[in-house]
$ cat upload-v3.pdb   # PDB, C-alpha atoms
MODEL        1
ATOM      1  CA  MET A   1      15.787 -18.883 -12.236
ATOM      2  CA  SER A   2      19.049 -17.047 -13.039
ATOM      3  CA  GLN A   3      20.688 -14.613 -10.666
ATOM      4  CA  ASN A   4      20.205 -11.802 -13.192
ATOM      5  CA  HIS A   5      16.430 -12.355 -13.249
ATOM      6  CA  VAL A   6      16.289 -12.268  -9.442
ATOM      7  CA  LEU A   7      18.340  -9.056  -9.300
ATOM      8  CA  LYS A   8      16.074  -7.539 -11.948
ATOM      9  CA  GLY A   9      13.044  -8.496  -9.858
ATOM     10  CA  VAL A  10      14.600  -6.998  -6.704
ATOM     11  CA  PHE A  11      15.200  -3.755  -8.601
ATOM     12  CA  PHE A  12      11.562  -3.506  -9.780
ATOM     13  CA  VAL A  13      10.087  -4.373  -6.363
ATOM     14  CA  ALA A  14      12.458  -1.960  -4.591
ATOM     15  CA  LEU A  15      11.575   0.840  -7.016
ATOM     16  CA  GLY A  16       7.849   0.140  -6.618
ATOM     17  CA  ALA A  17       8.076   0.124  -2.814
ATOM     18  CA  THR A  18      10.179   3.293  -2.811
ATOM     19  CA  THR A  19       7.669   5.048  -5.066
ATOM     20  CA  TYR A  20       4.713   4.059  -2.889
ATOM     21  CA  GLY A  21       6.608   5.090   0.235
ATOM     22  CA  MET A  22       6.678   8.679  -1.023
ATOM     23  CA  LEU A  23       2.897   8.875  -1.468
ATOM     24  CA  ALA A  24       1.726   9.851   2.040
ATOM     25  CA  THR A  25       4.133  12.802   2.147
ATOM     26  CA  PHE A  26       2.642  14.180  -1.074
ATOM     27  CA  VAL A  27      -0.857  13.728   0.386
ATOM     28  CA  LYS A  28       0.167  15.645   3.489
ATOM     29  CA  MET A  29       1.587  18.432   1.306
ATOM     30  CA  ALA A  30      -1.692  18.602  -0.632
ATOM     31  CA  TYR A  31      -3.549  18.918   2.684
ATOM     32  CA  SER A  32      -1.300  21.833   3.639
ATOM     33  CA  GLU A  33      -2.543  23.674   0.539
ATOM     34  CA  GLY A  34      -6.161  23.299   1.646
ATOM     35  CA  PHE A  35      -7.248  20.331  -0.471
ATOM     36  CA  THR A  36      -9.666  17.836   1.084
ATOM     37  CA  THR A  37      -9.434  14.047   1.355
ATOM     38  CA  ALA A  38     -12.244  13.769  -1.198
ATOM     39  CA  GLU A  39     -10.337  15.929  -3.696
ATOM     40  CA  VAL A  40      -7.062  14.078  -3.135
ATOM     41  CA  THR A  41      -8.511  10.580  -3.554
ATOM     42  CA  THR A  42     -10.817  11.498  -6.455
ATOM     43  CA  SER A  43      -8.016  13.082  -8.492
ATOM     44  CA  GLN A  44      -5.747  10.121  -7.803
ATOM     45  CA  PHE A  45      -8.279   7.526  -8.926
ATOM     46  CA  VAL A  46      -9.583   9.442 -11.962
ATOM     47  CA  LEU A  47      -6.103  10.036 -13.373
ATOM     48  CA  GLY A  48      -4.962   6.587 -12.260
ATOM     49  CA  ILE A  49      -7.785   4.929 -14.212
ATOM     50  CA  LEU A  50      -6.957   7.033 -17.295
ATOM     51  CA  GLY A  51      -3.299   6.022 -17.005
ATOM     52  CA  ILE A  52      -4.094   2.308 -16.687
ATOM     53  CA  LEU A  53      -6.530   2.578 -19.639
ATOM     54  CA  LEU A  54      -3.666   3.919 -21.781
ATOM     55  CA  ILE A  55      -1.404   1.053 -20.652
ATOM     56  CA  ASN A  56      -4.141  -1.486 -21.508
ATOM     57  CA  ALA A  57      -4.638   0.102 -24.931
ATOM     58  CA  PHE A  58      -0.876  -0.043 -25.592
ATOM     59  CA  GLN A  59      -0.726  -3.724 -24.583
ATOM     60  CA  LYS A  60      -3.707  -4.532 -26.804
ATOM     61  CA  ILE A  61      -2.040  -2.895 -29.823
ATOM     62  CA  LYS A  62       1.334  -4.498 -29.082
ATOM     63  CA  HIS A  63       0.149  -8.052 -28.359
ATOM     64  CA  LYS A  64      -3.084  -8.010 -30.422
ATOM     65  CA  GLU A  65      -4.783 -11.439 -30.187
ATOM     66  CA  ASN A  66      -2.443 -12.701 -27.442
ATOM     67  CA  VAL A  67      -4.132 -10.635 -24.703
ATOM     68  CA  VAL A  68      -6.496 -12.763 -22.596
ATOM     69  CA  LYS A  69      -9.753 -10.857 -22.194
ATOM     70  CA  ALA A  70     -11.437 -10.629 -18.792
ATOM     71  CA  THR A  71     -14.779 -12.413 -18.452
ATOM     72  CA  PRO A  72     -17.778 -10.739 -16.761
ATOM     73  CA  LYS A  73     -17.053 -12.958 -13.727
ATOM     74  CA  ASN A  74     -13.419 -11.758 -13.676
ATOM     75  CA  ILE A  75     -14.529  -8.129 -13.880
ATOM     76  CA  PHE A  76     -17.063  -8.495 -11.058
ATOM     77  CA  SER A  77     -14.577 -10.338  -8.801
ATOM     78  CA  LEU A  78     -11.822  -7.789  -9.409
ATOM     79  CA  MET A  79     -14.100  -4.791  -8.868
ATOM     80  CA  LEU A  80     -15.334  -6.353  -5.633
ATOM     81  CA  ALA A  81     -11.733  -6.929  -4.537
ATOM     82  CA  GLY A  82     -10.936  -3.365  -5.575
ATOM     83  CA  THR A  83     -13.356  -1.913  -3.050
ATOM     84  CA  SER A  84     -10.817  -2.753  -0.321
ATOM     85  CA  LEU A  85      -8.185  -0.910  -2.384
ATOM     86  CA  GLY A  86     -10.372   2.200  -2.372
ATOM     87  CA  MET A  87     -10.971   1.883   1.363
ATOM     88  CA  THR A  88      -7.226   1.505   2.009
ATOM     89  CA  SER A  89      -6.503   4.799   0.238
ATOM     90  CA  LEU A  90      -9.323   6.577   2.067
ATOM     91  CA  PHE A  91      -8.453   5.261   5.520
ATOM     92  CA  TYR A  92      -4.720   5.859   5.070
ATOM     93  CA  TYR A  93      -5.197   9.426   3.848
ATOM     94  CA  LEU A  94      -7.629  10.159   6.658
ATOM     95  CA  ALA A  95      -5.075   8.773   9.127
ATOM     96  CA  VAL A  96      -2.222  11.048   7.980
ATOM     97  CA  LYS A  97      -4.604  13.979   8.236
ATOM     98  CA  TYR A  98      -4.550  13.602  12.032
ATOM     99  CA  ILE A  99      -1.183  11.951  12.767
ATOM    100  CA  PRO A 100       2.378  12.235  11.364
ATOM    101  CA  VAL A 101       3.189  10.282   8.197
ATOM    102  CA  SER A 102       5.908   8.382  10.089
ATOM    103  CA  ILE A 103       3.247   7.050  12.481
ATOM    104  CA  GLY A 104       0.718   6.402   9.709
ATOM    105  CA  ILE A 105       3.065   4.114   7.765
ATOM    106  CA  VAL A 106       3.900   2.170  10.939
ATOM    107  CA  LEU A 107       0.181   1.568  11.532
ATOM    108  CA  LEU A 108      -0.227   0.458   7.912
ATOM    109  CA  MET A 109       2.536  -2.113   8.485
ATOM    110  CA  GLN A 110       0.267  -3.862  10.996
ATOM    111  CA  THR A 111      -0.750  -5.899   7.956
ATOM    112  CA  VAL A 112       2.087  -8.238   9.020
ATOM    113  CA  TRP A 113       0.220  -9.630  12.029
ATOM    114  CA  MET A 114      -3.243  -9.041  10.535
ATOM    115  CA  GLY A 115      -2.234 -11.189   7.567
ATOM    116  CA  VAL A 116      -1.143 -13.993   9.914
ATOM    117  CA  LEU A 117      -4.465 -13.739  11.786
ATOM    118  CA  LEU A 118      -6.526 -13.771   8.571
ATOM    119  CA  GLU A 119      -4.540 -16.727   7.236
ATOM    120  CA  MET A 120      -5.185 -18.606  10.486
ATOM    121  CA  ILE A 121      -8.944 -17.953  10.250
ATOM    122  CA  LEU A 122      -9.245 -18.851   6.547
ATOM    123  CA  GLU A 123      -7.012 -21.940   6.633
ATOM    124  CA  LYS A 124      -8.184 -22.994  10.123
ATOM    125  CA  LYS A 125      -4.717 -23.838  11.428
ATOM    126  CA  LEU A 126      -2.337 -22.295  13.925
ATOM    127  CA  PRO A 127       0.537 -20.175  12.560
ATOM    128  CA  SER A 128       4.120 -21.455  12.744
ATOM    129  CA  LYS A 129       6.461 -20.460  15.578
ATOM    130  CA  GLN A 130       8.367 -18.343  13.060
ATOM    131  CA  LYS A 131       5.263 -16.275  12.307
ATOM    132  CA  VAL A 132       4.291 -15.962  15.971
ATOM    133  CA  ILE A 133       7.775 -14.627  16.788
ATOM    134  CA  ALA A 134       7.498 -12.181  13.877
ATOM    135  CA  VAL A 135       4.126 -10.930  15.146
ATOM    136  CA  PHE A 136       5.531 -10.244  18.631
ATOM    137  CA  ILE A 137       8.481  -8.372  17.110
ATOM    138  CA  VAL A 138       6.063  -6.270  15.025
ATOM    139  CA  LEU A 139       4.032  -5.368  18.102
ATOM    140  CA  ILE A 140       7.163  -4.389  20.057
ATOM    141  CA  GLY A 141       8.437  -2.448  17.050
ATOM    142  CA  THR A 142       5.102  -0.646  16.754
ATOM    143  CA  VAL A 143       5.218   0.476  20.403
ATOM    144  CA  LEU A 144       8.711   1.884  19.849
ATOM    145  CA  ALA A 145       8.081   3.340  16.374
ATOM    146  CA  THR A 146       4.963   5.225  17.487
ATOM    147  CA  ASN A 147       6.735   6.307  20.705
ATOM    148  CA  ILE A 148       3.510   5.893  22.678
ATOM    149  CA  LEU A 149       5.472   5.200  25.862
ATOM    150  CA  ASN A 150       6.643   8.804  25.821
ATOM    151  CA  ASN A 151       4.025  10.904  27.613
ATOM    152  CA  GLU A 152       5.062  13.953  25.598
ATOM    153  CA  ILE A 153       3.636  12.416  22.418
ATOM    154  CA  GLN A 154      -0.089  13.059  22.047
ATOM    155  CA  LEU A 155      -1.487  11.095  19.117
ATOM    156  CA  ASP A 156      -4.967  11.916  17.830
ATOM    157  CA  TRP A 157      -7.138   8.831  18.377
ATOM    158  CA  ARG A 158      -8.899   9.469  15.059
ATOM    159  CA  GLY A 159      -5.605   9.071  13.197
ATOM    160  CA  ILE A 160      -4.817   5.834  15.053
ATOM    161  CA  ALA A 161      -8.305   4.443  14.343
ATOM    162  CA  TRP A 162      -8.114   5.291  10.627
ATOM    163  CA  GLY A 163      -4.574   3.855  10.473
ATOM    164  CA  VAL A 164      -5.697   0.526  11.930
ATOM    165  CA  CYS A 165      -8.654   0.476   9.508
ATOM    166  CA  ALA A 166      -6.224   1.125   6.618
ATOM    167  CA  ALA A 167      -4.076  -1.822   7.724
ATOM    168  CA  ALA A 168      -7.109  -4.121   7.935
ATOM    169  CA  SER A 169      -8.288  -3.035   4.497
ATOM    170  CA  PHE A 170      -4.795  -3.384   3.017
ATOM    171  CA  THR A 171      -4.575  -6.915   4.426
ATOM    172  CA  THR A 172      -7.782  -7.787   2.563
ATOM    173  CA  THR A 173      -6.418  -6.202  -0.617
ATOM    174  CA  MET A 174      -3.194  -8.246  -0.467
ATOM    175  CA  PHE A 175      -5.065 -11.513   0.051
ATOM    176  CA  THR A 176      -7.529 -10.920  -2.780
ATOM    177  CA  ALA A 177      -5.171  -9.277  -5.301
ATOM    178  CA  ASN A 178      -3.017 -12.407  -5.675
ATOM    179  CA  ARG A 179      -5.939 -14.832  -5.823
ATOM    180  CA  VAL A 180      -8.526 -13.226  -8.117
ATOM    181  CA  ALA A 181      -8.457 -13.561 -11.936
ATOM    182  CA  THR A 182      -4.700 -14.224 -12.084
ATOM    183  CA  GLU A 183      -5.008 -15.554 -15.640
ATOM    184  CA  ILE A 184      -5.471 -12.084 -17.171
ATOM    185  CA  SER A 185      -2.847  -9.337 -17.559
ATOM    186  CA  SER A 186      -1.750  -7.253 -14.581
ATOM    187  CA  ALA A 187      -2.850  -4.082 -16.420
ATOM    188  CA  GLN A 188      -6.403  -5.420 -16.783
ATOM    189  CA  ARG A 189      -6.465  -6.561 -13.166
ATOM    190  CA  SER A 190      -5.234  -3.143 -12.022
ATOM    191  CA  LEU A 191      -7.888  -1.400 -14.124
ATOM    192  CA  TYR A 192     -10.866  -3.331 -12.760
ATOM    193  CA  MET A 193      -9.603  -3.149  -9.176
ATOM    194  CA  LEU A 194      -9.217   0.608  -9.593
ATOM    195  CA  LEU A 195     -12.770   0.845 -10.927
ATOM    196  CA  GLY A 196     -13.995  -1.020  -7.842
ATOM    197  CA  GLY A 197     -11.985   1.276  -5.600
ATOM    198  CA  ALA A 198     -13.300   4.320  -7.464
ATOM    199  CA  ILE A 199     -16.865   3.413  -6.459
ATOM    200  CA  ILE A 200     -15.844   3.711  -2.795
ATOM    201  CA  VAL A 201     -13.805   6.875  -3.334
ATOM    202  CA  PHE A 202     -16.462   8.666  -5.399
ATOM    203  CA  SER A 203     -19.184   7.709  -2.905
ATOM    204  CA  PHE A 204     -17.063   9.152  -0.091
ATOM    205  CA  ALA A 205     -16.443  12.343  -2.072
ATOM    206  CA  PHE A 206     -20.153  12.745  -2.842
ATOM    207  CA  ALA A 207     -21.079  12.266   0.826
ATOM    208  CA  THR A 208     -18.394  14.469   2.416
ATOM    209  CA  GLN A 209     -17.435  17.240  -0.020
ATOM    210  CA  ILE A 210     -19.553  20.165   1.219
ATOM    211  CA  THR A 211     -17.527  22.899  -0.518
ATOM    212  CA  PRO A 212     -17.196  23.297  -4.320
ATOM    213  CA  PHE A 213     -14.745  20.730  -5.694
ATOM    214  CA  ASN A 214     -11.373  22.404  -6.336
ATOM    215  CA  LEU A 215     -10.456  21.188  -9.848
ATOM    216  CA  SER A 216      -6.919  22.569  -9.567
ATOM    217  CA  ILE A 217      -6.060  19.424  -7.547
ATOM    218  CA  PHE A 218      -5.846  17.506 -10.839
ATOM    219  CA  ALA A 219      -3.028  19.669 -12.201
ATOM    220  CA  LYS A 220      -1.282  20.374  -8.874
ATOM    221  CA  TRP A 221      -1.239  16.970  -7.174
ATOM    222  CA  GLY A 222      -3.478  14.547  -9.099
ATOM    223  CA  ILE A 223      -0.854  13.447 -11.628
ATOM    224  CA  ILE A 224       1.791  12.887  -8.913
ATOM    225  CA  LEU A 225      -0.648  10.983  -6.672
ATOM    226  CA  ALA A 226      -1.861   8.823  -9.576
ATOM    227  CA  LEU A 227       1.684   7.976 -10.695
ATOM    228  CA  PHE A 228       3.051   7.288  -7.197
ATOM    229  CA  GLY A 229      -0.101   5.615  -5.851
ATOM    230  CA  THR A 230      -2.038   3.773  -8.552
ATOM    231  CA  ILE A 231       0.119   3.380 -11.669
ATOM    232  CA  ILE A 232       3.850   2.929 -11.032
ATOM    233  CA  PRO A 233       3.933   0.800  -7.796
ATOM    234  CA  PRO A 234       1.443  -1.925  -8.842
ATOM    235  CA  MET A 235       2.949  -2.232 -12.336
ATOM    236  CA  LEU A 236       6.504  -2.541 -10.971
ATOM    237  CA  MET A 237       5.421  -4.967  -8.236
ATOM    238  CA  ASN A 238       3.602  -7.156 -10.783
ATOM    239  CA  ILE A 239       6.791  -7.294 -12.879
ATOM    240  CA  GLY A 240       9.138  -7.852  -9.943
ATOM    241  CA  PHE A 241       7.320 -10.340  -7.695
ATOM    242  CA  PRO A 242       7.250 -13.224 -10.236
ATOM    243  CA  LEU A 243      11.039 -12.843 -10.561
ATOM    244  CA  THR A 244      11.844 -12.592  -6.837
ATOM    245  CA  GLY A 245       9.164 -14.858  -5.398
ATOM    246  CA  ILE A 246       6.785 -13.835  -2.604
ATOM    247  CA  GLY A 247       9.349 -14.264   0.209
ATOM    248  CA  LEU A 248      12.175 -12.147  -1.182
ATOM    249  CA  GLY A 249       9.690  -9.722  -2.745
ATOM    250  CA  SER A 250       8.005  -9.106   0.617
ATOM    251  CA  ILE A 251      11.355  -8.394   2.256
ATOM    252  CA  VAL A 252      12.396  -5.929  -0.450
ATOM    253  CA  SER A 253       8.977  -4.220  -0.399
ATOM    254  CA  ALA A 254       9.564  -3.385   3.279
ATOM    255  CA  LEU A 255      11.713  -0.530   1.913
ATOM    256  CA  GLU A 256       8.433   1.374   1.788
ATOM    257  CA  LEU A 257       8.622   1.897   5.561
ATOM    258  CA  PRO A 258      12.003   3.681   5.901
ATOM    259  CA  VAL A 259      11.447   5.598   2.646
ATOM    260  CA  SER A 260       8.115   6.941   3.904
ATOM    261  CA  VAL A 261       9.652   8.000   7.220
ATOM    262  CA  MET A 262      12.665   9.622   5.511
ATOM    263  CA  MET A 263      10.416  11.555   3.102
ATOM    264  CA  ALA A 264       8.356  12.868   6.021
ATOM    265  CA  PHE A 265      11.549  13.771   7.873
ATOM    266  CA  VAL A 266      13.076  15.645   4.905
ATOM    267  CA  LEU A 267      10.036  17.312   3.289
ATOM    268  CA  LEU A 268       7.657  17.711   6.238
ATOM    269  CA  ASN A 269      10.247  18.215   8.995
ATOM    270  CA  GLU A 270       8.604  15.505  11.086
ATOM    271  CA  LYS A 271      10.627  14.662  14.176
ATOM    272  CA  VAL A 272      11.798  11.035  14.254
ATOM    273  CA  ILE A 273      13.843  10.074  17.308
ATOM    274  CA  LEU A 274      16.237   7.145  17.748
ATOM    275  CA  ILE A 275      13.750   4.899  19.562
ATOM    276  CA  GLN A 276      11.355   5.230  16.612
ATOM    277  CA  TRP A 277      14.077   4.150  14.173
ATOM    278  CA  VAL A 278      14.725   1.121  16.406
ATOM    279  CA  GLY A 279      11.025   0.241  16.164
ATOM    280  CA  ILE A 280      11.083   0.621  12.368
ATOM    281  CA  VAL A 281      14.124  -1.687  12.134
ATOM    282  CA  LEU A 282      12.309  -4.269  14.309
ATOM    283  CA  ILE A 283       9.269  -4.228  12.004
ATOM    284  CA  ILE A 284      11.504  -4.764   8.955
ATOM    285  CA  LEU A 285      13.289  -7.568  10.862
ATOM    286  CA  ALA A 286       9.920  -9.224  11.532
ATOM    287  CA  ILE A 287       9.066  -9.133   7.814
ATOM    288  CA  ILE A 288      12.423 -10.791   7.048
ATOM    289  CA  ILE A 289      11.838 -13.478   9.707
ATOM    290  CA  MET A 290       8.413 -14.263   8.258
ATOM    291  CA  ASN A 291       9.736 -14.715   4.733
ATOM    292  CA  VAL A 292      13.117 -16.422   5.189
ATOM    293  CA  ASN A 293      13.331 -20.215   5.241
ATOM    294  CA  PHE A 294      15.594 -21.079   8.166
ATOM    295  CA  LYS A 295      15.456 -24.832   7.544
ATOM    296  CA  ARG A 296      18.685 -26.291   6.216
ATOM    297  CA  LYS A 297      18.569 -28.129   2.919
ATOM    298  CA  ASN A 298      19.657 -31.759   3.078
TER     299      ASN A 298
ENDMDL
END
$ encode --input "upload-v3.pdb" --output "structure tokens"
Amino acid sequence: MSQNHVLKGVFFVALGATTYGMLATFVKMAYSEGFTTAEVTTSQFVLGILGILLINAFQKIKHKENVVKATPKNIFSLMLAGTSLGMTSLFYYLAVKYIPVSIGIVLLMQTVWMGVLLEMILEKKLPSKQKVIAVFIVLIGTVLATNILNNEIQLDWRGIAWGVCAAASFTTTMFTANRVATEISSAQRSLYMLLGGAIIVFSFAFATQITPFNLSIFAKWGIILALFGTIIPPMLMNIGFPLTGIGLGSIVSALELPVSVMMAFVLLNEKVILIQWVGIVLIILAIIIMNVNFKRKN
């Protein structure tokens, strides 16, 4: 693979991660205007599905017979995998309702060690020393980034619980997304996963929305949330990852963490002290350690 292709892939992955890193801040801003979690997630998924439908229609017209159609088995598998995508959005948005965005994104990054644990269970073998070291660095980084050692910081346990649930759900999403129906286009895969996630989101909205649904969410925040959460990041990641490879792509996608914290700092005036930045750097370092091959080539 040429250097230009790799650089192109890095650009797409970086842009996708940066875009997704902005999402939680926009959610928090929507909350400040009185919108509920049900309204936020519903608008995001409805407009996200419409956007992906348009992309699929464009690809069908452009490529005509060359588009591989999804089988009923593909559709079922992707929708089932998509339920974890819906739960990730719900849990993450519920988390940032109770805790700062800068803490919420750190909790979401616990997918690093959760992924290692899940891989160990599924493949029934112990992780490498490299991964074990990375996990310990993540845990130390998390303690620093959340600043829980400082008695002045009082974090709402509900936010922490939802954040951990979001990380667990996101771990499941990452494992299934790259293994299910990979033979069909990324736009089709995104569509059916979104439909699966929508079942979870709409069920949550139906069960929890006790006030009349505020339709103005679609015009005010829905388009932004759909673009930054369900349309742009997955499309850019699907373009970039094949060019960078999983290792380099995972390192570049860690940009999501500092971008999310910076957005919260600038737009929400969230206080982020030096020790928290040290923790964030440690988590990014752990992701690099996990994905870099330190063995010398003969």
$ closest_residue --input "upload-v3.pdb" --among "A:Thr71, A:Thr172, A:Thr37, A:Thr19" --to "A:Met114" --atoms "all atoms listed in the file"
A:Thr172
$ resolve_selection --input "upload-v3.pdb" --expression "the PyMOL selection byres ((chain A and resi 188) around 12)" --output "PyMOL selection string"
chain A and resi 49+51-60+67-71+74-75+78-79+180-187+189-195+234-235+238
$ atom_distance --input "upload-v3.pdb" --atom1 "atom CA of A:Ile160" --atom2 "atom CA of A:Leu144"
14.9 Å
$ closest_residue --input "upload-v3.pdb" --among "A:Leu23, A:Leu227, A:Ile275, A:Ile200" --to "A:Thr146" --atoms "all atoms listed in the file"
A:Ile275
$ closest_residue --input "upload-v3.pdb" --among "A:Leu118, A:Val135, A:Leu85, A:Ile273" --to "A:Met290" --atoms "all atoms listed in the file"
A:Val135
$ atom_distance --input "upload-v3.pdb" --atom1 "atom CA of A:Phe136" --atom2 "atom CA of A:Ile283"
9.7 Å
$ atom_distance --input "upload-v3.pdb" --atom1 "atom CA of A:Ile99" --atom2 "atom CA of A:Phe218"
24.7 Å
$ resolve_selection --input "upload-v3.pdb" --expression "the PyMOL selection byres ((chain A and resi 270) around 9)" --output "PyMOL selection string"
chain A and resi 100-102+261+264-269+271-272
$ resolve_selection --input "upload-v3.pdb" --expression "the PyMOL selection byres ((chain A and resi 162) around 7)" --output "PyMOL selection string"
chain A and resi 91-92+94-95+158-161+163-166
$ residues_around --input "upload-v3.pdb" --residues "A:Val27" --least-positions-apart "3" --cutoff "8 Å" --atoms "only C-alpha atoms" --output "NGL selection string"
:A and (23-24 or 30-31 or 40 or 93 or 225)
$ closest_residue --input "upload-v3.pdb" --among "A:Gly229, A:Gly240, A:Gly197, A:Pro212" --to "A:Thr83" --atoms "all atoms listed in the file"
A:Gly197
$ residues_around --input "upload-v3.pdb" --residues "A:Ala254" --least-positions-apart "5" --cutoff "9 Å" --atoms "only C-alpha atoms" --output "list in words"
Ala14, Ala17, Met109, Gly249, Ile283, Ile284, Ile287 and Ile288 of chain A
$ closest_residue --input "upload-v3.pdb" --among "A:Ser253, A:Ala81, A:Phe204, A:Ile199" --to "A:Met174" --atoms "all atoms listed in the file"
A:Ala81
$ closest_residue --input "upload-v3.pdb" --among "A:Val138, A:Thr230, A:Leu255, A:Thr18" --to "A:Ala198" --atoms "only C-alpha atoms"
A:Thr230
$ residues_around --input "upload-v3.pdb" --residues "A:Ala38" --least-positions-apart "6" --cutoff "9 Å" --atoms "all atoms listed in the file" --output "number ranges by chain"
A: 90, 201-202, 204-206, 208-209, 213
$ residues_around --input "upload-v3.pdb" --residues "A:Thr111" --least-positions-apart "3" --cutoff "8 Å" --atoms "all atoms listed in the file" --output "PyMOL selection string"
chain A and resi 108+114-115+167-168+170-171
$ build_atoms --input "upload-v3.pdb" --residues "stretch 20-26 of chain A" --atoms "all heavy atoms" --output "short mmCIF file (atom, residue, chain, number, x, y, z; two decimals), keeping the file's coordinate frame"
data_model
loop_
_atom_site.label_atom_id
_atom_site.label_comp_id
_atom_site.auth_asym_id
_atom_site.auth_seq_id
_atom_site.Cartn_x
_atom_site.Cartn_y
_atom_site.Cartn_z
N TYR A 20 5.92 4.03 -3.73
CA TYR A 20 4.71 4.06 -2.89
C TYR A 20 5.00 4.69 -1.53
O TYR A 20 4.13 5.32 -0.93
CB TYR A 20 4.15 2.64 -2.71
CG TYR A 20 2.76 2.63 -2.13
CD1 TYR A 20 1.66 3.03 -2.88
CD2 TYR A 20 2.54 2.25 -0.81
CE1 TYR A 20 0.38 3.03 -2.36
CE2 TYR A 20 1.26 2.26 -0.27
CZ TYR A 20 0.19 2.65 -1.05
OH TYR A 20 -1.08 2.67 -0.52
N GLY A 21 6.24 4.52 -1.06
CA GLY A 21 6.61 5.09 0.24
C GLY A 21 6.58 6.61 0.26
O GLY A 21 6.46 7.22 1.31
N MET A 22 6.69 7.22 -0.93
CA MET A 22 6.68 8.68 -1.02
C MET A 22 5.26 9.26 -0.98
O MET A 22 5.08 10.45 -0.75
CB MET A 22 7.35 9.13 -2.33
CG MET A 22 8.79 8.70 -2.47
SD MET A 22 9.46 9.19 -4.08
CE MET A 22 11.10 8.48 -4.02
N LEU A 23 4.26 8.41 -1.23
CA LEU A 23 2.90 8.88 -1.47
C LEU A 23 2.30 9.69 -0.33
O LEU A 23 1.74 10.77 -0.55
CB LEU A 23 2.01 7.67 -1.77
CG LEU A 23 0.55 7.95 -2.15
CD1 LEU A 23 0.48 8.77 -3.44
CD2 LEU A 23 -0.21 6.64 -2.32
N ALA A 24 2.38 9.18 0.90
CA ALA A 24 1.73 9.85 2.04
C ALA A 24 2.26 11.26 2.27
O ALA A 24 1.52 12.16 2.67
CB ALA A 24 1.89 9.01 3.31
N THR A 25 3.55 11.47 1.99
CA THR A 25 4.13 12.80 2.15
C THR A 25 3.50 13.77 1.16
O THR A 25 3.19 14.93 1.52
CB THR A 25 5.66 12.75 1.94
OG1 THR A 25 6.23 11.95 2.98
CG2 THR A 25 6.27 14.14 1.97
N PHE A 26 3.29 13.33 -0.07
CA PHE A 26 2.64 14.18 -1.07
C PHE A 26 1.20 14.49 -0.68
O PHE A 26 0.70 15.60 -0.90
CB PHE A 26 2.68 13.52 -2.45
CG PHE A 26 4.07 13.34 -3.00
CD1 PHE A 26 4.44 12.18 -3.66
CD2 PHE A 26 5.02 14.34 -2.85
CE1 PHE A 26 5.72 12.02 -4.16
CE2 PHE A 26 6.31 14.19 -3.34
CZ PHE A 26 6.66 13.02 -4.00
#
